[in-house]
$ cat work32.json   # JSON, C-alpha atoms
[["chain", "number", "residue", "atom", "x", "y", "z"],
["A", 1, "MET", "CA", 23.79, 5.34, -7.25],
["A", 2, "ILE", "CA", 24.70, 7.02, -4.00],
["A", 3, "ASP", "CA", 27.99, 6.17, -2.28],
["A", 4, "LYS", "CA", 27.43, 3.92, 0.72],
["A", 5, "GLU", "CA", 28.83, 6.57, 3.10],
["A", 6, "HIS", "CA", 26.16, 9.04, 1.97],
["A", 7, "GLN", "CA", 23.09, 6.79, 1.83],
["A", 8, "ASN", "CA", 19.96, 7.26, 3.94],
["A", 9, "ARG", "CA", 20.21, 11.04, 3.81],
["A", 10, "GLY", "CA", 17.56, 11.64, 1.14],
["A", 11, "TYR", "CA", 19.99, 12.35, -1.70],
["A", 12, "GLY", "CA", 18.68, 9.57, -3.93],
["A", 13, "ARG", "CA", 15.06, 10.56, -3.37],
["A", 14, "GLU", "CA", 15.82, 14.20, -4.16],
["A", 15, "ALA", "CA", 17.83, 13.28, -7.27],
["A", 16, "LEU", "CA", 14.99, 11.09, -8.50],
["A", 17, "HIS", "CA", 12.41, 13.81, -7.76],
["A", 18, "LEU", "CA", 14.49, 16.38, -9.70],
["A", 19, "SER", "CA", 14.92, 13.92, -12.58],
["A", 20, "ILE", "CA", 11.15, 13.41, -12.76],
["A", 21, "ARG", "CA", 10.61, 17.18, -12.84],
["A", 22, "LEU", "CA", 13.24, 17.59, -15.57],
["A", 23, "LEU", "CA", 11.68, 14.90, -17.74],
["A", 24, "ALA", "CA", 8.21, 16.39, -17.30],
["A", 25, "ASP", "CA", 9.08, 20.07, -17.59],
["A", 26, "SER", "CA", 11.82, 20.00, -20.24],
["A", 27, "PHE", "CA", 10.76, 17.05, -22.35],
["A", 28, "GLY", "CA", 7.01, 16.81, -21.79],
["A", 29, "ALA", "CA", 7.19, 13.25, -20.47],
["A", 30, "THR", "CA", 3.83, 11.85, -19.45],
["A", 31, "GLU", "CA", 5.14, 8.44, -18.35],
["A", 32, "ILE", "CA", 8.47, 7.31, -16.95],
["A", 33, "TYR", "CA", 9.65, 3.71, -16.82],
["A", 34, "THR", "CA", 12.35, 2.22, -14.64],
["A", 35, "ALA", "CA", 13.28, -1.17, -13.24],
["A", 36, "TYR", "CA", 14.75, -2.62, -10.07],
["A", 37, "GLU", "CA", 16.30, -5.98, -9.22],
["A", 38, "SER", "CA", 13.64, -8.14, -7.63],
["A", 39, "SER", "CA", 15.77, -8.62, -4.51],
["A", 40, "ASN", "CA", 16.26, -4.86, -4.00],
["A", 41, "SER", "CA", 13.42, -3.89, -1.66],
["A", 42, "VAL", "CA", 15.03, -0.51, -0.92],
["A", 43, "ALA", "CA", 14.80, 0.53, -4.59],
["A", 44, "ARG", "CA", 11.28, -0.89, -4.88],
["A", 45, "ASN", "CA", 10.10, 1.06, -1.85],
["A", 46, "LEU", "CA", 11.77, 4.27, -3.02],
["A", 47, "TYR", "CA", 10.13, 4.07, -6.45],
["A", 48, "ARG", "CA", 6.75, 3.17, -4.93],
["A", 49, "SER", "CA", 6.97, 6.12, -2.52],
["A", 50, "LEU", "CA", 7.31, 8.42, -5.54],
["A", 51, "GLY", "CA", 4.29, 6.92, -7.29],
["A", 52, "PHE", "CA", 5.84, 4.25, -9.52],
["A", 53, "LEU", "CA", 3.83, 1.03, -9.87],
["A", 54, "GLU", "CA", 4.87, -2.37, -11.17],
["A", 55, "THR", "CA", 3.74, -2.99, -14.75],
["A", 56, "GLY", "CA", 3.82, -6.77, -14.46],
["A", 57, "GLU", "CA", 6.76, -7.01, -16.87],
["A", 58, "VAL", "CA", 9.80, -8.90, -15.61],
["A", 59, "ALA", "CA", 13.02, -9.48, -17.55],
["A", 60, "GLY", "CA", 15.39, -11.82, -15.76],
["A", 61, "ASN", "CA", 15.65, -10.35, -12.25],
["A", 62, "ASP", "CA", 14.48, -6.87, -13.30],
["A", 63, "VAL", "CA", 10.96, -5.75, -12.40],
["A", 64, "GLU", "CA", 9.59, -2.92, -14.55],
["A", 65, "MET", "CA", 7.79, 0.04, -12.98],
["A", 66, "ARG", "CA", 5.94, 2.98, -14.50],
["A", 67, "LEU", "CA", 5.08, 6.44, -13.23],
["A", 68, "VAL", "CA", 2.19, 8.24, -14.92],
["A", 69, "LEU", "CA", 2.66, 11.98, -14.62],
["A", 70, "ASP", "CA", -0.51, 13.92, -13.93],
["A", 71, "GLY", "CA", 1.03, 17.22, -12.89],
["A", 72, "ALA", "CA", 1.46, 16.23, -9.23],
["A", 73, "HIS", "CA", 5.17, 15.51, -9.73],
["A", 74, "GLU", "CA", 5.91, 18.69, -11.63],
["A", 75, "SER", "CA", 5.86, 21.13, -8.73]]
$ encode --input "work32.json" --output "structure tokens"
Amino acid sequence: MIDKEHQNRGYGREALHLSIRLLADSFGATEIYTAYESSNSVARNLYRSLGFLETGEVAGNDVEMRLVLDGAHES
């Protein structure tokens, strides 16, 4: 989470990008799962912009997403 005073500056996107690289490079991850609250379109759009897609799984208000790593996110 990014403090409200520091949102919309790209910090969350960069942190997520670095986290994806860490998971791929250090742990050999080939897939990453996350979830967002169904009412949170900002989170949905951020994840989608980085390549995450909805899996179709929903638990309560949480919508699951998956990113399949193919090397494009490791650079």
$ residues_near_point --input "work32.json" --point "(10.3, 5.3, -3.8)" --cutoff "12 Å" --atoms "all atoms listed in the file" --output "PyMOL selection string"
chain A and resi 10+12-17+34-36+40-54+65-67
$ write_last_selection --input "work32.json" --atoms "C-alpha atoms" --output "PDB file, in the frame of the given file"
ATOM      1  CA  GLY A  10      17.560  11.640   1.140  1.00  0.00           C
ATOM      2  CA  GLY A  12      18.680   9.570  -3.930  1.00  0.00           C
ATOM      3  CA  ARG A  13      15.060  10.560  -3.370  1.00  0.00           C
ATOM      4  CA  GLU A  14      15.820  14.200  -4.160  1.00  0.00           C
ATOM      5  CA  ALA A  15      17.830  13.280  -7.270  1.00  0.00           C
ATOM      6  CA  LEU A  16      14.990  11.090  -8.500  1.00  0.00           C
ATOM      7  CA  HIS A  17      12.410  13.810  -7.760  1.00  0.00           C
ATOM      8  CA  THR A  34      12.350   2.220 -14.640  1.00  0.00           C
ATOM      9  CA  ALA A  35      13.280  -1.170 -13.240  1.00  0.00           C
ATOM     10  CA  TYR A  36      14.750  -2.620 -10.070  1.00  0.00           C
ATOM     11  CA  ASN A  40      16.260  -4.860  -4.000  1.00  0.00           C
ATOM     12  CA  SER A  41      13.420  -3.890  -1.660  1.00  0.00           C
ATOM     13  CA  VAL A  42      15.030  -0.510  -0.920  1.00  0.00           C
ATOM     14  CA  ALA A  43      14.800   0.530  -4.590  1.00  0.00           C
ATOM     15  CA  ARG A  44      11.280  -0.890  -4.880  1.00  0.00           C
ATOM     16  CA  ASN A  45      10.100   1.060  -1.850  1.00  0.00           C
ATOM     17  CA  LEU A  46      11.770   4.270  -3.020  1.00  0.00           C
ATOM     18  CA  TYR A  47      10.130   4.070  -6.450  1.00  0.00           C
ATOM     19  CA  ARG A  48       6.750   3.170  -4.930  1.00  0.00           C
ATOM     20  CA  SER A  49       6.970   6.120  -2.520  1.00  0.00           C
ATOM     21  CA  LEU A  50       7.310   8.420  -5.540  1.00  0.00           C
ATOM     22  CA  GLY A  51       4.290   6.920  -7.290  1.00  0.00           C
ATOM     23  CA  PHE A  52       5.840   4.250  -9.520  1.00  0.00           C
ATOM     24  CA  LEU A  53       3.830   1.030  -9.870  1.00  0.00           C
ATOM     25  CA  GLU A  54       4.870  -2.370 -11.170  1.00  0.00           C
ATOM     26  CA  MET A  65       7.790   0.040 -12.980  1.00  0.00           C
ATOM     27  CA  ARG A  66       5.940   2.980 -14.500  1.00  0.00           C
ATOM     28  CA  LEU A  67       5.080   6.440 -13.230  1.00  0.00           C
TER      29      LEU A  67
END
$ atom_distance --input "work32.json" --atom1 "atom CA of Thr30 of chain A" --atom2 "atom CA of Gly60 of chain A"
26.6 Å
$ atom_distance --input "work32.json" --atom1 "atom CA of Glu37 of chain A" --atom2 "atom CA of Ser19 of chain A"
20.2 Å
$ atom_distance --input "work32.json" --atom1 "atom CA of Glu31 of chain A" --atom2 "atom CA of Val58 of chain A"
18.2 Å
$ residues_around --input "work32.json" --residues "Ala29 of chain A" --least-positions-apart "3" --cutoff "12 Å" --atoms "only C-alpha atoms" --output "PyMOL selection string"
chain A and resi 19-26+32-33+66-71+73-74
$ write_last_selection --input "work32.json" --atoms "C-alpha atoms" --output "PDB file, in the coordinates of the input"
ATOM      1  CA  SER A  19      14.920  13.920 -12.580  1.00  0.00           C
ATOM      2  CA  ILE A  20      11.150  13.410 -12.760  1.00  0.00           C
ATOM      3  CA  ARG A  21      10.610  17.180 -12.840  1.00  0.00           C
ATOM      4  CA  LEU A  22      13.240  17.590 -15.570  1.00  0.00           C
ATOM      5  CA  LEU A  23      11.680  14.900 -17.740  1.00  0.00           C
ATOM      6  CA  ALA A  24       8.210  16.390 -17.300  1.00  0.00           C
ATOM      7  CA  ASP A  25       9.080  20.070 -17.590  1.00  0.00           C
ATOM      8  CA  SER A  26      11.820  20.000 -20.240  1.00  0.00           C
ATOM      9  CA  ILE A  32       8.470   7.310 -16.950  1.00  0.00           C
ATOM     10  CA  TYR A  33       9.650   3.710 -16.820  1.00  0.00           C
ATOM     11  CA  ARG A  66       5.940   2.980 -14.500  1.00  0.00           C
ATOM     12  CA  LEU A  67       5.080   6.440 -13.230  1.00  0.00           C
ATOM     13  CA  VAL A  68       2.190   8.240 -14.920  1.00  0.00           C
ATOM     14  CA  LEU A  69       2.660  11.980 -14.620  1.00  0.00           C
ATOM     15  CA  ASP A  70      -0.510  13.920 -13.930  1.00  0.00           C
ATOM     16  CA  GLY A  71       1.030  17.220 -12.890  1.00  0.00           C
ATOM     17  CA  HIS A  73       5.170  15.510  -9.730  1.00  0.00           C
ATOM     18  CA  GLU A  74       5.910  18.690 -11.630  1.00  0.00           C
TER      19      GLU A  74
END
$ axis_aligned_box --input "work32.json" --around "segment 38-42 of chain A" --padding-each-side "5 Å" --output "lines of an AutoDock Vina configuration file"
center_x = 14.8
center_y = -4.6
center_z = -4.3
size_x = 12.8
size_y = 18.1
size_z = 16.7
$ decode --input "work32.json" --residues "segment 6-71 of chain A" --atoms "C-alpha atoms" --output "CSV table (one decimal), in the first residue's frame"
chain,number,residue,atom,x,y,z
A,6,HIS,CA,2.3,9.7,-2.4
A,7,GLN,CA,-0.1,7.9,-4.8
A,8,ASN,CA,-0.3,8.4,-8.5
A,9,ARG,CA,3.5,8.8,-8.8
A,10,GLY,CA,4.3,5.3,-10.1
A,11,TYR,CA,5.7,4.0,-6.8
A,12,GLY,CA,3.2,1.1,-6.6
A,13,ARG,CA,3.8,0.1,-10.2
A,14,GLU,CA,7.6,0.2,-9.7
A,15,ALA,CA,7.3,-1.8,-6.4
A,16,LEU,CA,5.2,-4.4,-8.1
A,17,HIS,CA,7.5,-4.6,-11.1
A,18,LEU,CA,10.5,-5.1,-8.8
A,19,SER,CA,8.6,-7.7,-6.8
A,20,ILE,CA,7.8,-9.7,-10.0
A,21,ARG,CA,11.5,-9.5,-11.0
A,22,LEU,CA,12.6,-10.7,-7.6
A,23,LEU,CA,10.2,-13.7,-7.6
A,24,ALA,CA,11.3,-14.7,-11.1
A,25,ASP,CA,15.0,-14.1,-10.7
A,26,SER,CA,15.6,-15.2,-7.2
A,27,PHE,CA,13.0,-17.9,-6.8
A,28,GLY,CA,12.4,-19.1,-10.3
A,29,ALA,CA,8.6,-18.3,-10.2
A,30,THR,CA,6.8,-19.0,-13.4
A,31,GLU,CA,3.4,-17.9,-12.2
A,32,ILE,CA,2.3,-15.3,-9.7
A,33,TYR,CA,-1.1,-15.0,-8.2
A,34,THR,CA,-2.8,-12.0,-6.5
A,35,ALA,CA,-6.2,-10.8,-5.8
A,36,TYR,CA,-8.1,-7.5,-5.7
A,37,GLU,CA,-11.4,-6.4,-4.2
A,38,SER,CA,-14.0,-6.4,-6.9
A,39,SER,CA,-14.8,-2.8,-6.3
A,40,ASN,CA,-11.2,-1.7,-6.6
A,41,SER,CA,-10.8,-0.8,-10.3
A,42,VAL,CA,-7.5,1.0,-9.7
A,43,ALA,CA,-5.9,-2.2,-8.4
A,44,ARG,CA,-7.5,-4.2,-11.2
A,45,ASN,CA,-6.2,-1.9,-13.9
A,46,LEU,CA,-2.7,-1.8,-12.4
A,47,TYR,CA,-2.5,-5.6,-12.3
A,48,ARG,CA,-3.9,-5.9,-15.8
A,49,SER,CA,-1.4,-3.3,-17.1
A,50,LEU,CA,1.4,-5.5,-15.8
A,51,GLY,CA,0.0,-8.6,-17.6
A,52,PHE,CA,-2.1,-10.2,-14.8
A,53,LEU,CA,-5.4,-11.8,-16.0
A,54,GLU,CA,-8.4,-12.9,-14.0
A,55,THR,CA,-8.5,-16.6,-13.4
A,56,GLY,CA,-12.3,-16.7,-12.9
A,57,GLU,CA,-11.9,-17.6,-9.2
A,58,VAL,CA,-13.7,-15.3,-6.8
A,59,ALA,CA,-13.7,-15.7,-3.0
A,60,GLY,CA,-16.1,-13.3,-1.3
A,61,ASN,CA,-15.2,-9.9,-2.8
A,62,ASP,CA,-11.7,-10.9,-3.9
A,63,VAL,CA,-11.1,-11.6,-7.6
A,64,GLU,CA,-8.0,-13.8,-8.3
A,65,MET,CA,-5.5,-12.9,-11.0
A,66,ARG,CA,-2.5,-14.7,-12.4
A,67,LEU,CA,0.6,-13.6,-14.2
A,68,VAL,CA,2.4,-16.2,-16.3
A,69,LEU,CA,6.1,-15.3,-16.6
A,70,ASP,CA,7.6,-15.9,-20.0
A,71,GLY,CA,10.8,-13.9,-19.5
